[in-house]
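As stored in final.txt (compact mmCIF, N, CA and C atoms):
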```
# COMPACT_ATOMS: atom_id res chain seq x y z
N MET G 1063 85.30 96.93 6.54
CA MET G 1063 86.00 98.08 5.99
C MET G 1063 85.07 99.28 5.86
N GLU G 1064 83.81 99.02 5.47
CA GLU G 1064 82.86 100.12 5.31
C GLU G 1064 82.58 100.81 6.64
N VAL G 1065 82.54 100.03 7.71
CA VAL G 1065 82.30 100.61 9.04
C VAL G 1065 83.47 101.50 9.44
N PHE G 1066 84.68 101.07 9.13
CA PHE G 1066 85.87 101.87 9.46
C PHE G 1066 85.85 103.20 8.72
N VAL G 1067 85.51 103.17 7.44
CA VAL G 1067 85.47 104.41 6.64
C VAL G 1067 84.41 105.35 7.19
N ALA G 1068 83.26 104.82 7.57
CA ALA G 1068 82.20 105.64 8.14
C ALA G 1068 82.64 106.25 9.48
N ALA G 1069 83.27 105.44 10.32
CA ALA G 1069 83.74 105.93 11.62
C ALA G 1069 84.83 106.98 11.44
N LEU G 1070 85.73 106.76 10.50
CA LEU G 1070 86.80 107.73 10.23
C LEU G 1070 86.23 109.04 9.71
N THR G 1071 85.23 108.95 8.86
CA THR G 1071 84.58 110.16 8.33
C THR G 1071 83.93 110.96 9.45
N ILE G 1072 83.22 110.29 10.34
CA ILE G 1072 82.59 110.97 11.47
C ILE G 1072 83.65 111.60 12.37
N PHE G 1073 84.74 110.91 12.60
CA PHE G 1073 85.82 111.42 13.44
C PHE G 1073 86.42 112.69 12.84
N VAL G 1074 86.71 112.67 11.55
CA VAL G 1074 87.31 113.84 10.90
C VAL G 1074 86.34 115.02 10.91
N LEU G 1075 85.07 114.76 10.65
CA LEU G 1075 84.08 115.84 10.71
C LEU G 1075 83.96 116.41 12.12
N ALA G 1076 84.02 115.55 13.12
CA ALA G 1076 83.97 116.01 14.51
C ALA G 1076 85.18 116.87 14.85
N LEU G 1077 86.35 116.52 14.30
CA LEU G 1077 87.54 117.35 14.51
C LEU G 1077 87.33 118.76 13.96
N PHE G 1078 86.83 118.85 12.74
CA PHE G 1078 86.60 120.16 12.13
C PHE G 1078 85.56 120.97 12.91
N VAL G 1079 84.46 120.34 13.26
CA VAL G 1079 83.41 121.05 14.01
C VAL G 1079 83.94 121.49 15.37
N GLY G 1080 84.64 120.62 16.07
CA GLY G 1080 85.20 120.96 17.37
C GLY G 1080 86.18 122.11 17.30
N TYR G 1081 87.03 122.11 16.30
CA TYR G 1081 87.99 123.20 16.12
C TYR G 1081 87.27 124.51 15.89
N GLU G 1082 86.27 124.51 15.02
CA GLU G 1082 85.53 125.73 14.72
C GLU G 1082 84.78 126.25 15.94
N VAL G 1083 84.20 125.36 16.72
CA VAL G 1083 83.45 125.79 17.91
C VAL G 1083 84.40 126.38 18.94
N ILE G 1084 85.51 125.72 19.20
CA ILE G 1084 86.45 126.17 20.23
C ILE G 1084 87.09 127.51 19.86
N THR G 1085 87.43 127.70 18.59
CA THR G 1085 88.09 128.95 18.20
C THR G 1085 87.13 130.14 18.24
N LYS G 1086 85.84 129.90 18.26
CA LYS G 1086 84.86 130.99 18.30
C LYS G 1086 84.50 131.43 19.72
N VAL G 1087 84.96 130.71 20.73
CA VAL G 1087 84.64 131.04 22.12
C VAL G 1087 85.55 132.17 22.60
N PRO G 1088 84.97 133.28 23.09
CA PRO G 1088 85.82 134.36 23.61
C PRO G 1088 86.53 133.92 24.90
N PRO G 1089 87.70 134.47 25.17
CA PRO G 1089 88.47 134.06 26.36
C PRO G 1089 87.70 134.23 27.67
N LEU G 1090 86.82 135.22 27.74
CA LEU G 1090 86.06 135.45 28.97
C LEU G 1090 85.15 134.28 29.31
N LEU G 1091 84.64 133.59 28.30
CA LEU G 1091 83.72 132.48 28.53
C LEU G 1091 84.40 131.12 28.58
N HIS G 1092 85.69 131.07 28.34
CA HIS G 1092 86.36 129.78 28.21
C HIS G 1092 86.27 128.95 29.48
N THR G 1093 86.59 129.53 30.64
CA THR G 1093 86.62 128.75 31.87
C THR G 1093 85.23 128.29 32.32
N PRO G 1094 84.19 129.16 32.28
CA PRO G 1094 82.86 128.65 32.65
C PRO G 1094 82.37 127.55 31.70
N LEU G 1095 82.66 127.67 30.42
CA LEU G 1095 82.25 126.62 29.49
C LEU G 1095 83.04 125.34 29.74
N MET G 1096 84.29 125.48 30.13
CA MET G 1096 85.10 124.31 30.43
C MET G 1096 84.54 123.57 31.65
N SER G 1097 84.04 124.33 32.61
CA SER G 1097 83.43 123.71 33.78
C SER G 1097 82.23 122.86 33.38
N GLY G 1098 81.41 123.38 32.49
CA GLY G 1098 80.27 122.62 32.01
C GLY G 1098 80.67 121.43 31.17
N ALA G 1099 81.76 121.58 30.46
CA ALA G 1099 82.24 120.49 29.61
C ALA G 1099 82.78 119.32 30.43
N ASN G 1100 83.09 119.55 31.70
CA ASN G 1100 83.57 118.45 32.55
C ASN G 1100 82.50 117.38 32.72
N ALA G 1101 81.24 117.78 32.73
CA ALA G 1101 80.15 116.80 32.82
C ALA G 1101 80.14 115.92 31.57
N ILE G 1102 80.36 116.53 30.43
CA ILE G 1102 80.42 115.77 29.18
C ILE G 1102 81.63 114.84 29.19
N SER G 1103 82.75 115.33 29.71
CA SER G 1103 83.94 114.49 29.80
C SER G 1103 83.71 113.31 30.73
N GLY G 1104 82.92 113.51 31.75
CA GLY G 1104 82.58 112.40 32.65
C GLY G 1104 81.78 111.34 31.92
N ILE G 1105 80.88 111.76 31.06
CA ILE G 1105 80.12 110.80 30.25
C ILE G 1105 81.05 110.08 29.30
N THR G 1106 82.01 110.80 28.74
CA THR G 1106 83.00 110.19 27.86
C THR G 1106 83.80 109.13 28.61
N LEU G 1107 84.13 109.44 29.85
CA LEU G 1107 84.89 108.48 30.66
C LEU G 1107 84.10 107.20 30.87
N VAL G 1108 82.81 107.32 31.12
CA VAL G 1108 81.98 106.12 31.28
C VAL G 1108 81.95 105.32 29.98
N GLY G 1109 81.81 106.01 28.85
CA GLY G 1109 81.81 105.34 27.55
C GLY G 1109 83.12 104.63 27.26
N THR G 1110 84.24 105.25 27.62
CA THR G 1110 85.53 104.60 27.39
C THR G 1110 85.72 103.39 28.29
N LEU G 1111 85.19 103.45 29.50
CA LEU G 1111 85.27 102.28 30.38
C LEU G 1111 84.49 101.11 29.80
N VAL G 1112 83.31 101.40 29.25
CA VAL G 1112 82.51 100.34 28.64
C VAL G 1112 83.24 99.77 27.42
N THR G 1113 83.81 100.65 26.61
CA THR G 1113 84.52 100.21 25.41
C THR G 1113 85.75 99.37 25.77
N ALA G 1114 86.51 99.82 26.75
CA ALA G 1114 87.70 99.06 27.14
C ALA G 1114 87.32 97.71 27.75
N GLY G 1115 86.20 97.68 28.45
CA GLY G 1115 85.77 96.45 29.09
C GLY G 1115 85.18 95.43 28.13
N ALA G 1116 84.81 95.85 26.93
CA ALA G 1116 84.22 94.91 25.96
C ALA G 1116 85.23 93.88 25.48
N GLN G 1117 86.50 94.24 25.41
CA GLN G 1117 87.60 93.35 25.02
C GLN G 1117 87.29 92.59 23.73
N LEU G 1118 86.95 93.34 22.69
CA LEU G 1118 86.69 92.71 21.40
C LEU G 1118 87.96 92.13 20.80
N THR G 1119 89.00 92.96 20.75
CA THR G 1119 90.32 92.50 20.31
C THR G 1119 91.35 93.13 21.23
N VAL G 1120 92.58 92.71 21.10
CA VAL G 1120 93.66 93.28 21.90
C VAL G 1120 93.84 94.76 21.55
N PHE G 1121 93.74 95.07 20.25
CA PHE G 1121 93.92 96.45 19.80
C PHE G 1121 92.85 97.37 20.38
N THR G 1122 91.59 96.94 20.35
CA THR G 1122 90.52 97.79 20.89
C THR G 1122 90.63 97.92 22.41
N THR G 1123 91.11 96.89 23.06
CA THR G 1123 91.31 96.98 24.51
C THR G 1123 92.40 97.98 24.85
N ILE G 1124 93.50 97.96 24.10
CA ILE G 1124 94.59 98.92 24.31
C ILE G 1124 94.11 100.34 24.04
N LEU G 1125 93.37 100.53 22.94
CA LEU G 1125 92.83 101.85 22.64
C LEU G 1125 91.86 102.30 23.74
N GLY G 1126 91.08 101.37 24.26
CA GLY G 1126 90.15 101.70 25.34
C GLY G 1126 90.87 102.15 26.60
N VAL G 1127 91.96 101.47 26.95
CA VAL G 1127 92.73 101.84 28.13
C VAL G 1127 93.36 103.22 27.95
N VAL G 1128 93.88 103.49 26.76
CA VAL G 1128 94.45 104.81 26.46
C VAL G 1128 93.35 105.87 26.55
N ALA G 1129 92.17 105.57 26.02
CA ALA G 1129 91.05 106.52 26.08
C ALA G 1129 90.62 106.77 27.52
N VAL G 1130 90.61 105.75 28.35
CA VAL G 1130 90.26 105.93 29.76
C VAL G 1130 91.27 106.86 30.44
N ALA G 1131 92.55 106.65 30.17
CA ALA G 1131 93.59 107.49 30.78
C ALA G 1131 93.44 108.95 30.33
N MET G 1132 93.20 109.15 29.04
CA MET G 1132 93.06 110.51 28.53
C MET G 1132 91.80 111.19 29.05
N ALA G 1133 90.69 110.48 29.10
CA ALA G 1133 89.45 111.05 29.61
C ALA G 1133 89.57 111.38 31.10
N THR G 1134 90.25 110.52 31.85
CA THR G 1134 90.46 110.78 33.27
C THR G 1134 91.29 112.04 33.48
N ALA G 1135 92.37 112.17 32.71
CA ALA G 1135 93.21 113.36 32.81
C ALA G 1135 92.41 114.61 32.46
N ASN G 1136 91.55 114.52 31.47
CA ASN G 1136 90.74 115.65 31.06
C ASN G 1136 89.76 116.07 32.16
N VAL G 1137 89.11 115.10 32.77
CA VAL G 1137 88.14 115.40 33.83
C VAL G 1137 88.85 116.00 35.05
N VAL G 1138 89.92 115.38 35.49
CA VAL G 1138 90.64 115.85 36.68
C VAL G 1138 91.22 117.24 36.43
N GLY G 1139 91.86 117.43 35.28
CA GLY G 1139 92.44 118.73 34.95
C GLY G 1139 91.38 119.82 34.87
N GLY G 1140 90.25 119.49 34.27
CA GLY G 1140 89.17 120.47 34.16
C GLY G 1140 88.63 120.90 35.51
N PHE G 1141 88.46 119.94 36.41
CA PHE G 1141 87.96 120.29 37.73
C PHE G 1141 89.00 121.07 38.54
N LEU G 1142 90.28 120.78 38.35
CA LEU G 1142 91.32 121.55 39.04
C LEU G 1142 91.32 123.00 38.58
N VAL G 1143 91.19 123.21 37.28
CA VAL G 1143 91.15 124.57 36.74
C VAL G 1143 89.90 125.29 37.23
N THR G 1144 88.76 124.60 37.24
CA THR G 1144 87.53 125.22 37.72
C THR G 1144 87.65 125.58 39.20
N HIS G 1145 88.23 124.70 39.99
CA HIS G 1145 88.42 124.98 41.41
C HIS G 1145 89.30 126.21 41.60
N ARG G 1146 90.37 126.29 40.83
CA ARG G 1146 91.27 127.44 40.92
C ARG G 1146 90.56 128.73 40.52
N MET G 1147 89.74 128.65 39.46
CA MET G 1147 89.01 129.82 39.01
C MET G 1147 88.03 130.30 40.08
N LEU G 1148 87.31 129.36 40.68
CA LEU G 1148 86.34 129.73 41.71
C LEU G 1148 87.02 130.28 42.96
N SER G 1149 88.22 129.82 43.27
CA SER G 1149 88.92 130.34 44.44
C SER G 1149 89.35 131.79 44.23
N MET G 1150 89.44 132.25 43.00
CA MET G 1150 89.79 133.64 42.74
C MET G 1150 88.67 134.59 43.16
N PHE G 1151 87.44 134.09 43.27
CA PHE G 1151 86.30 134.94 43.60
C PHE G 1151 85.96 134.93 45.09
N ARG G 1152 86.72 134.21 45.89
CA ARG G 1152 86.48 134.18 47.33
C ARG G 1152 87.13 135.39 47.99
N ASP G 1153 86.61 135.73 49.17
CA ASP G 1153 87.26 136.79 49.96
C ASP G 1153 88.60 136.29 50.47
N ARG G 1154 89.47 137.21 50.79
CA ARG G 1154 90.81 136.84 51.28
C ARG G 1154 90.75 135.98 52.54
N GLY G 1155 89.82 136.24 53.43
CA GLY G 1155 89.71 135.50 54.68
C GLY G 1155 89.09 134.11 54.51
N ASP G 1156 88.42 133.86 53.39
CA ASP G 1156 87.75 132.58 53.18
C ASP G 1156 88.66 131.50 52.64
N ARG G 1157 89.84 131.86 52.17
CA ARG G 1157 90.72 130.86 51.56
C ARG G 1157 91.30 129.94 52.61
N ALA G 1158 91.36 128.67 52.26
CA ALA G 1158 91.87 127.68 53.21
C ALA G 1158 93.32 127.36 52.93
```
Starting from the coordinates I provided, produce the structure as structure tokens.
Amino acid sequence: MEVFVAALTIFVLALFVGYEVITKVPPLLHTPLMSGANAISGITLVGTLVTAGAQLTVFTTILGVVAVAMATANVVGGFLVTHRMLSMFRDRGDRA
């Protein structure tokens, strides 16, 4: 029970810190920072794969699978947005 309370406390604090950091980013910097954050999301995806593969209990395995799906969607979506942003800076003749 003590471990759960500690983990929940860290999670809630991370929510507050994340919200404060994201709301302070100006719109002009949002997309380049999101591109860099994709690398972090990739690391998160590896961590969720390890967690889901540990199969400690059925509940943790289900949460791990959900985390893998969400991290994958985050990585793929982030790279699609970055690709679209970078295509805006190409010359008209360079677009495929």
I need the residue nearest Ala1131 of chain G from this list: G:Val1087, G:Leu1148, G:Leu1107, G:Ile1102. Use only N, CA and C atoms for the distance.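 Result for the nearest residue to Ala1131 of chain G: G:Leu1107.
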Do you have the atom CA of Thr1144 of chain G-atom C of Ala1101 of chain G distance handy?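 Computing it gives 13.4 Å between the two atoms.
For the pair atom CA of Val1127 of chain G and atom CA of Val1143 of chain G, the interatomic distance is 24.4 Å.
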Hey, can you check how far atom CA of Ser1103 of chain G sits from atom N of Thr1085 of chain G? 17.7 Å
Could you write out, as a ChimeraX atom specification, all the residues of chain G that DSSP marks as alpha helix (DSSP H)? /G:1064-1085,1089-1116,1120-1149
For a quick check of understanding, using all atoms listed in the file, which of G:Leu1111, G:Ile1084, G:Val1137, G:Ala1076 has the smallest distance to Ala1099 of chain G? G:Val1137
